[in-house]
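To be precise, the following lines are my_file_15.txt, and they hold compact mmCIF, C-alpha atoms.
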```
# COMPACT_ATOMS: atom_id res chain seq x y z
CA MET A 1 0.00 0.00 0.00
CA LEU A 2 1.37 3.40 -0.98
CA ILE A 3 0.88 6.41 1.29
CA ASP A 4 1.36 9.91 -0.08
CA LEU A 5 2.58 12.35 2.57
CA HIS A 6 2.56 15.47 0.37
CA SER A 7 -0.14 16.56 -2.08
CA HIS A 8 -2.09 19.64 -3.11
CA LEU A 9 -5.51 18.16 -3.82
CA LEU A 10 -7.76 20.47 -1.80
CA PRO A 11 -9.44 22.79 -4.30
CA ASN A 12 -8.99 26.56 -4.54
CA ILE A 13 -6.73 27.17 -1.57
CA ASP A 14 -3.20 27.27 -3.01
CA ASP A 15 -1.33 26.58 -6.26
CA GLY A 16 -2.68 23.03 -6.43
CA SER A 17 -6.14 22.03 -7.61
CA LYS A 18 -8.30 24.86 -8.95
CA SER A 19 -11.66 23.09 -8.73
CA LEU A 20 -13.46 20.25 -7.00
CA ARG A 21 -13.75 18.53 -10.36
CA ALA A 22 -9.96 18.63 -10.76
CA SER A 23 -9.51 17.37 -7.19
CA ILE A 24 -11.80 14.40 -7.84
CA ARG A 25 -9.84 13.59 -11.01
CA MET A 26 -6.52 13.83 -9.17
CA ALA A 27 -7.85 11.57 -6.41
CA LYS A 28 -8.84 8.97 -9.01
CA GLU A 29 -5.35 9.19 -10.49
CA ALA A 30 -3.89 8.66 -7.02
CA VAL A 31 -5.93 5.50 -6.48
CA ASP A 32 -5.05 4.26 -9.98
CA SER A 33 -1.39 4.78 -8.99
CA GLY A 34 -1.77 2.49 -5.99
CA ILE A 35 -2.14 5.21 -3.35
CA LYS A 36 -4.63 4.38 -0.61
CA ALA A 37 -4.08 7.26 1.81
CA ALA A 38 -2.87 10.82 1.30
CA LEU A 39 -2.10 13.86 3.38
CA MET A 40 -3.64 17.12 2.23
CA THR A 41 -0.71 19.54 2.57
CA PRO A 42 -1.67 23.01 1.32
CA HIS A 43 0.96 25.71 1.56
CA HIS A 44 0.91 27.65 4.82
CA MET A 45 2.69 30.90 5.72
CA ASN A 46 4.75 30.96 2.51
CA GLY A 47 4.15 34.61 1.68
CA HIS A 48 1.32 33.82 -0.75
CA TYR A 49 -0.98 31.42 1.08
CA VAL A 50 -2.21 31.11 4.63
CA ASN A 51 -4.25 27.99 5.36
CA HIS A 52 -5.15 27.86 9.03
CA LYS A 53 -5.39 24.55 10.85
CA ASP A 54 -9.15 24.63 11.45
CA ASP A 55 -9.86 25.51 7.82
CA VAL A 56 -7.74 22.65 6.49
CA ILE A 57 -9.41 20.18 8.86
CA ARG A 58 -12.86 21.32 7.71
CA LEU A 59 -11.99 21.29 4.01
CA THR A 60 -10.36 17.87 4.23
CA SER A 61 -13.45 16.45 5.93
CA GLU A 62 -15.65 17.91 3.19
CA PHE A 63 -13.36 16.52 0.50
CA GLN A 64 -13.48 13.06 2.06
CA LYS A 65 -17.29 13.14 1.78
CA HIS A 66 -17.03 14.01 -1.92
CA LEU A 67 -14.59 11.13 -2.43
CA ASP A 68 -16.89 8.71 -0.61
CA ASN A 69 -19.91 9.90 -2.62
CA ASN A 70 -17.96 9.26 -5.81
CA ASP A 71 -16.81 5.80 -4.63
CA ILE A 72 -13.15 6.81 -4.73
CA GLY A 73 -11.17 4.66 -2.31
CA LEU A 74 -8.76 7.32 -1.08
CA GLN A 75 -8.49 8.18 2.60
CA VAL A 76 -7.39 11.77 3.14
CA PHE A 77 -5.97 13.45 6.24
CA PRO A 78 -5.44 17.15 7.04
CA SER A 79 -1.93 18.54 7.15
CA GLN A 80 0.10 21.53 5.92
CA GLU A 81 3.28 22.30 4.03
CA VAL A 82 4.69 24.97 6.33
CA ARG A 83 7.23 27.48 5.04
CA ILE A 84 10.00 28.24 7.49
CA ASN A 85 9.40 31.81 8.67
CA GLY A 86 9.86 34.08 11.66
CA GLY A 87 6.33 33.44 12.92
CA LEU A 88 6.51 29.65 12.97
CA LEU A 89 7.24 29.19 16.67
CA GLN A 90 4.37 31.52 17.55
CA ALA A 91 2.06 29.57 15.21
CA LEU A 92 3.04 26.40 17.08
CA ASP A 93 2.25 28.13 20.38
CA ASP A 94 -1.12 29.22 18.94
CA ASP A 95 -1.97 25.64 17.87
CA ASP A 96 -2.34 26.70 14.23
CA ILE A 97 0.00 24.08 12.77
CA LEU A 98 -0.98 20.67 11.44
CA PHE A 99 1.37 17.71 11.44
CA ALA A 100 1.70 14.57 9.35
CA ASP A 101 0.34 12.51 12.23
CA GLU A 102 -2.27 12.89 14.95
CA SER A 103 0.36 12.77 17.70
CA ASN A 104 1.92 16.01 16.37
CA ARG A 105 5.35 14.50 15.87
CA TYR A 106 6.23 15.11 12.20
CA LEU A 107 6.12 18.64 10.76
CA LEU A 108 6.40 19.10 6.98
CA LEU A 109 8.74 22.05 6.56
CA GLU A 110 9.47 23.87 3.31
CA PHE A 111 12.38 26.15 2.50
CA PRO A 112 12.27 28.80 -0.24
CA ASP A 113 13.13 27.27 -3.63
CA ASP A 114 16.53 28.94 -3.84
CA ASP A 115 17.60 29.39 -0.24
CA VAL A 116 17.88 27.99 3.27
CA PRO A 117 17.59 31.03 5.57
CA THR A 118 20.49 31.59 7.94
CA TYR A 119 18.21 31.22 10.97
CA SER A 120 16.96 27.79 9.83
CA LYS A 121 19.35 25.66 11.89
CA ASP A 122 18.55 27.53 15.11
CA MET A 123 14.79 27.49 14.48
CA ILE A 124 14.76 23.79 13.59
CA PHE A 125 16.71 23.10 16.79
CA GLN A 126 14.05 24.98 18.77
CA ILE A 127 11.28 23.06 17.01
CA MET A 128 12.95 19.72 17.70
CA GLN A 129 13.43 20.71 21.36
CA ARG A 130 9.63 20.49 21.54
CA GLY A 131 9.72 16.83 20.55
CA ILE A 132 8.83 17.60 16.93
CA THR A 133 10.65 15.91 14.05
CA VAL A 134 11.13 18.19 11.06
CA GLU A 135 10.32 16.57 7.72
CA ILE A 136 12.05 18.47 4.94
CA ALA A 137 10.12 18.97 1.69
CA HIS A 138 11.82 18.42 -1.70
CA PRO A 139 15.46 19.15 -0.76
CA GLU A 140 16.50 17.82 -4.18
CA ARG A 141 14.93 20.88 -5.85
CA ASN A 142 16.41 23.51 -3.51
CA THR A 143 19.22 25.29 -5.33
CA LYS A 144 20.99 26.23 -2.10
CA ILE A 145 21.06 22.60 -0.94
CA MET A 146 22.14 21.49 -4.41
CA SER A 147 25.16 23.80 -4.22
CA THR A 148 25.84 23.10 -0.52
CA PRO A 149 24.62 19.55 0.22
CA SER A 150 26.25 19.63 3.68
CA ILE A 151 23.20 21.68 4.77
CA LEU A 152 20.98 18.63 4.27
CA PHE A 153 23.51 16.25 5.83
CA ASP A 154 23.72 18.40 8.98
CA LEU A 155 19.93 18.51 9.31
CA ILE A 156 19.51 14.75 8.84
CA GLU A 157 22.35 14.01 11.25
CA ALA A 158 20.61 16.26 13.80
CA GLY A 159 17.43 14.17 13.56
CA ALA A 160 15.40 15.59 10.69
CA VAL A 161 13.91 13.39 7.96
CA ALA A 162 13.51 14.24 4.28
CA GLN A 163 11.07 13.60 1.48
CA VAL A 164 12.08 13.24 -2.15
CA THR A 165 9.45 14.02 -4.74
CA ALA A 166 8.90 10.91 -6.84
CA SER A 167 8.84 12.93 -10.06
CA SER A 168 12.27 14.38 -9.27
CA TYR A 169 13.77 10.90 -8.95
CA VAL A 170 12.38 9.69 -12.28
CA GLY A 171 13.57 12.75 -14.20
CA THR A 172 10.43 14.85 -14.67
CA PHE A 173 12.17 17.98 -13.37
CA GLY A 174 15.25 17.44 -15.52
CA LYS A 175 18.53 15.58 -15.36
CA LYS A 176 20.21 17.81 -12.79
CA VAL A 177 17.43 17.36 -10.23
CA GLU A 178 17.22 13.64 -11.00
CA LYS A 179 20.94 13.15 -10.39
CA PHE A 180 20.85 15.10 -7.14
CA ALA A 181 17.82 13.09 -5.95
CA GLU A 182 19.82 9.93 -6.67
CA GLU A 183 22.78 11.30 -4.69
CA ILE A 184 20.55 12.15 -1.73
CA ILE A 185 19.17 8.63 -1.68
CA LYS A 186 22.54 6.91 -2.18
CA HIS A 187 23.90 8.86 0.81
CA ASN A 188 20.97 7.86 3.08
CA LEU A 189 19.67 11.44 3.27
CA ALA A 190 16.07 10.65 2.28
CA HIS A 191 13.39 8.57 3.97
CA VAL A 192 10.23 8.60 1.79
CA PHE A 193 8.87 9.35 -1.67
CA VAL A 194 5.91 11.72 -2.04
CA SER A 195 3.94 12.93 -5.05
CA ASP A 196 3.73 16.68 -4.27
CA ALA A 197 0.88 16.47 -6.80
CA HIS A 198 -0.51 19.69 -8.25
CA ASP A 199 -3.09 20.16 -10.99
CA LEU A 200 -0.31 21.30 -13.31
CA PRO A 201 1.58 19.77 -16.24
CA ASN A 202 4.24 17.30 -15.03
CA ARG A 203 3.02 17.49 -11.43
CA ASP A 204 1.12 14.23 -11.13
CA TYR A 205 1.72 10.82 -9.53
CA GLU A 206 4.90 8.91 -10.32
CA MET A 207 5.21 7.00 -7.07
CA VAL A 208 5.07 3.54 -8.66
CA GLU A 209 7.72 4.48 -11.21
CA ALA A 210 9.94 5.92 -8.47
CA MET A 211 9.55 2.82 -6.31
CA ALA A 212 10.45 0.58 -9.27
CA LYS A 213 13.56 2.64 -9.98
CA LEU A 214 14.52 2.63 -6.29
CA GLU A 215 14.28 -1.16 -6.14
CA LYS A 216 16.42 -1.44 -9.26
CA GLN A 217 19.10 1.00 -8.04
CA MET A 218 19.15 0.33 -4.30
CA GLY A 219 17.50 -3.07 -3.83
CA ARG A 220 14.21 -4.44 -2.59
CA ASP A 221 14.94 -3.82 1.10
CA TYR A 222 15.63 -0.14 0.50
CA GLN A 223 12.44 0.22 -1.51
CA GLU A 224 10.39 -1.45 1.23
CA LEU A 225 12.03 0.89 3.73
CA PHE A 226 10.56 3.91 1.93
CA GLU A 227 7.10 2.30 2.00
CA THR A 228 7.21 1.45 5.70
CA ASN A 229 8.66 4.85 6.61
CA ALA A 230 5.68 6.59 5.02
CA GLU A 231 3.35 4.48 7.13
CA ALA A 232 5.44 5.16 10.24
CA ILE A 233 5.27 8.92 9.71
CA LEU A 234 1.50 8.84 9.20
CA ASP A 235 1.16 6.83 12.43
CA GLY A 236 3.63 9.00 14.36
CA ASP A 237 6.06 6.11 14.83
CA ASN A 238 9.84 5.98 14.43
CA VAL A 239 11.17 5.93 10.90
CA THR A 240 13.99 3.56 10.03
CA ASN A 241 17.11 5.66 9.69
CA LEU A 242 20.14 4.56 7.75
CA VAL A 243 23.45 6.17 8.64
CA PRO A 244 23.63 9.46 6.72
CA GLU A 245 26.72 10.09 4.63
CA PRO A 246 27.97 13.48 3.40
CA ILE A 247 27.75 14.20 -0.31
CA VAL A 248 31.23 15.18 -1.43
CA LYS A 249 31.07 17.49 -4.39
CA ARG A 250 33.64 16.64 -7.04
CA LYS A 251 36.08 19.39 -7.85
CA PHE A 252 38.12 19.56 -11.00
CA PHE A 253 41.43 21.36 -10.93
CA SER A 254 43.32 22.52 -13.96
CA LYS A 255 47.12 22.43 -14.02
CA PHE A 256 47.15 25.75 -15.81
```

Rewrite the structure of this file - the entire thing - as structure tokens.
Amino acid sequence: MLIDLHSHLLPNIDDGSKSLRASIRMAKEAVDSGIKAALMTPHHMNGHYVNHKDDVIRLTSEFQKHLDNNDIGLQVFPSQEVRINGGLLQALDDDDILFADESNRYLLLEFPDDDVPTYSKDMIFQIMQRGITVEIAHPERNTKIMSTPSILFDLIEAGAVAQVTASSYVGTFGKKVEKFAEEIIKHNLAHVFVSDAHDLPNRDYEMVEAMAKLEKQMGRDYQELFETNAEAILDGDNVTNLVPEPIVKRKFFSKF
């Protein structure tokens, strides 16, 4: 059973689905791709979208009713993709943050596409001091992490976990992203695949394809690890961690 921990299916609240009809279609595609359960993770506090906890819970419940009425066998749960920002700790204090699990253990955290703010390490430390495990969204597409992969290694070594978008790993976002996703996985710096599905071209479900490639490249046990880790995160249990290894960037020196 595949579990998708990152998707933008809820209609009309962020850059994901733009209509209930599109959301229903995407949910059907998810089920056809072998996904049985999915987190609804609309963007929150990213400078464009604010999706408060109570609103996401209500909208997810309404969406589940539409799925049931259309005989679509997808179980959906409320969550958020939270952008790291100066107000995050206060939002946690105000109980306006949703987690990947009901025990409030795993927090899906997003960095800006091209940066990891200088305060990130300190803030993530403060978050983890509260017993929260930070789950990093799509590090393989972050240009700062691509140029300085030690950022990701330090976070994973400190206890964070990371998602890799399935489409990244199978090449949908280009060769550079694909190769970096492979490096992240080979160095034990990723724990699960997610769809990060949007109602946009090239932003659909490629979980099965990614799992097949993972089994081919890393072996059956590694592939099963990604499946069981997704279930563990949804249930608030411990993920299986492999020993993280630093990605050493190759440098080429000319004699002249």

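Considering the residues A:His198, A:His52, A:His44, A:Arg25 and counting all atoms listed in the file, A:Asn85 has its shortest atom-to-atom contact with A:His44.
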
Nearest-residue call for A:Ile185, choices A:Leu5, A:Ala160, A:Val208, A:Pro246, using only C-alpha atoms: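 Answer, going by the shortest atom-to-atom distance: A:Pro246.
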
One-decimal distance in Å that lies between atom CA of A:Leu109 and atom CA of A:Ala137: 5.9 Å

Surrounding residues of A:Pro11 excluding itself and chain neighbours under 6 positions, 12 Å, only C-alpha atoms, as number ranges by chain: A: 17-27, 40-42, 56, 59-60, 62-63, 66, 198-199

Option closest in space to A:Asp101, from A:Phe125, A:Ile13, A:Ala162, A:Asp237 [counting only C-alpha atoms]: A:Asp237
